[in-house]
Amino acid sequence: MSDFIFNKQEYLRRINLEAPISVNYESLKALHRAQHLSIPFENIDICLGKNIPIDAHSIFQKLVKHKRGGYCFELNGLLLLALQAYGFEVRPLLGRVHLTGEPGGRTHQALLVTIDSQTWLVDVGFGAESPTIPIPFVINEVVRFEHRSFRLVSSELFGYMLQSNQGDTWKNLYSFDLSPVLDIDLKLGNHFTSTSPDSFFINARIAALPVPYGVLTLYNDRFKKVINGKEEQIFLKDDASYLSFLAEAFDIHLEANYKDLEAIPFNSAM
């Protein structure tokens with residue numbers, strides 16, 4: 001049995017949040033927003049060939065104590081631990097990513113939070129497309145925050161679909177149902193996503209960090225900053241300055257040599 005104890009004060013310092021936490025929507029929104037803005041979405045450890053453990057101790061050590069980022073099983077895993085520690089009613093969900101137009105396997109972890117019989121979809125682990133605030137579990141209700149809009153719709157085949165507004169159209173992000181998710185389900189999804197040659201995360205260097213009214217993203221050598229719809233793009237050099245840029249832009253500090261990343265494609269056109 002695990003002897004892990006969630007350290008609330010360390011977590012709050014990591015996400016730069018000083019507000020008192022209660023079991024209510026305002027605290028849920030504050031925790032979601034603070035973690036989202038403080039801990040980057042990134043897969044660099046996968047690119048370095050490292051194992052990605054998702055037990056409570058490993059997630060806390062990596063994301064809080066070592067101040068690294070992670071992907072959905074780590075980021076939403078950490079938020080799950082925090083919400084449980086503060087007494088929220090919360091459970092994990094597993095979703096299918098639809099960004100390519102074709103449904104994937106159940107390899108995306110999100111969270112379902114219930115407060116006084118009201119329920120929210122909570123997700124800080126979907127990269128640049130992550131919802132910026134909790135999404136009320138109400139079908140066809142548009143949620144707007146800063147520059148983005150989201151909604152949940154019913155899906156006859158997949159249960160529910162989270163969509164984001166793309167001007168005149170709605171883009172499918174991921175689908176999910178409300179069936180129970182066990183630890184073994186999360187372990188299986190994490191194992192495929194972090195080790196399979198068919199996984200997107202094995203074949204590219206990825207990072208994302210939201211900022212007020214925008215987002216910073218990295219895909220191999222291409223860095224983009226989008227603020228209020230205005231986009232800036234630069235291409236990084238294939239040398240040790242890449243690691244310096246990760247630290248400067250995303251606060252990702254690696255104990256690694258740049259040569260350790262060479263097995264992963266560098267050029268975004270690849």
# chains A, B, ... in the order shown; residues from 1 in each chain; ligands from 1
>>> residues_around(residues="Ile135 of chain A", least_positions_apart="4", cutoff="7 Å", atoms="only C-alpha atoms", output="ChimeraX atom specification")
/A:120-122,143
>>> write_last_selection(atoms="C-alpha atoms", output="tab-separated table (two decimals), in the first residue's frame")
chain	number	residue	atom	x	y	z
A	120	TRP	CA	-17.70	19.61	-14.85
A	121	LEU	CA	-15.26	18.19	-17.38
A	122	VAL	CA	-11.79	19.28	-16.21
A	143	VAL	CA	-18.38	28.05	-22.76
>>> residues_around(residues="segment 241-249 of chain A", least_positions_apart="3", cutoff="9 Å", atoms="only C-alpha atoms", output="number ranges by chain")
A: 207, 209, 216, 221, 236-238, 252-254, 256-258
>>> residues_around(residues="Asp183 of chain A", least_positions_apart="3", cutoff="12 Å", atoms="only C-alpha atoms", output="number ranges by chain")
A: 54-56, 73, 77, 91-94, 109, 180, 186-190
>>> atom_distance(atom1="atom CA of Ser38 of chain A", atom2="atom CA of Val211 of chain A")
9.2 Å
>>> atom_distance(atom1="atom CA of Asn24 of chain A", atom2="atom CA of Arg68 of chain A")
28.1 Å
>>> residues_around(residues="segment 95-100 of chain A", least_positions_apart="4", cutoff="8 Å", atoms="only C-alpha atoms", output="list in words")
Gly104, Gly105, Arg106, Thr107, His108, Gln109, Ala110, Lys171, Asn172, Leu173, Tyr174, Ser175, Phe176 and Asp177 of chain A
>>> closest_residue(among="A:Ile133, A:Leu31, A:Leu218, A:Leu83", to="Leu12 of chain A", atoms="only C-alpha atoms")
A:Leu31
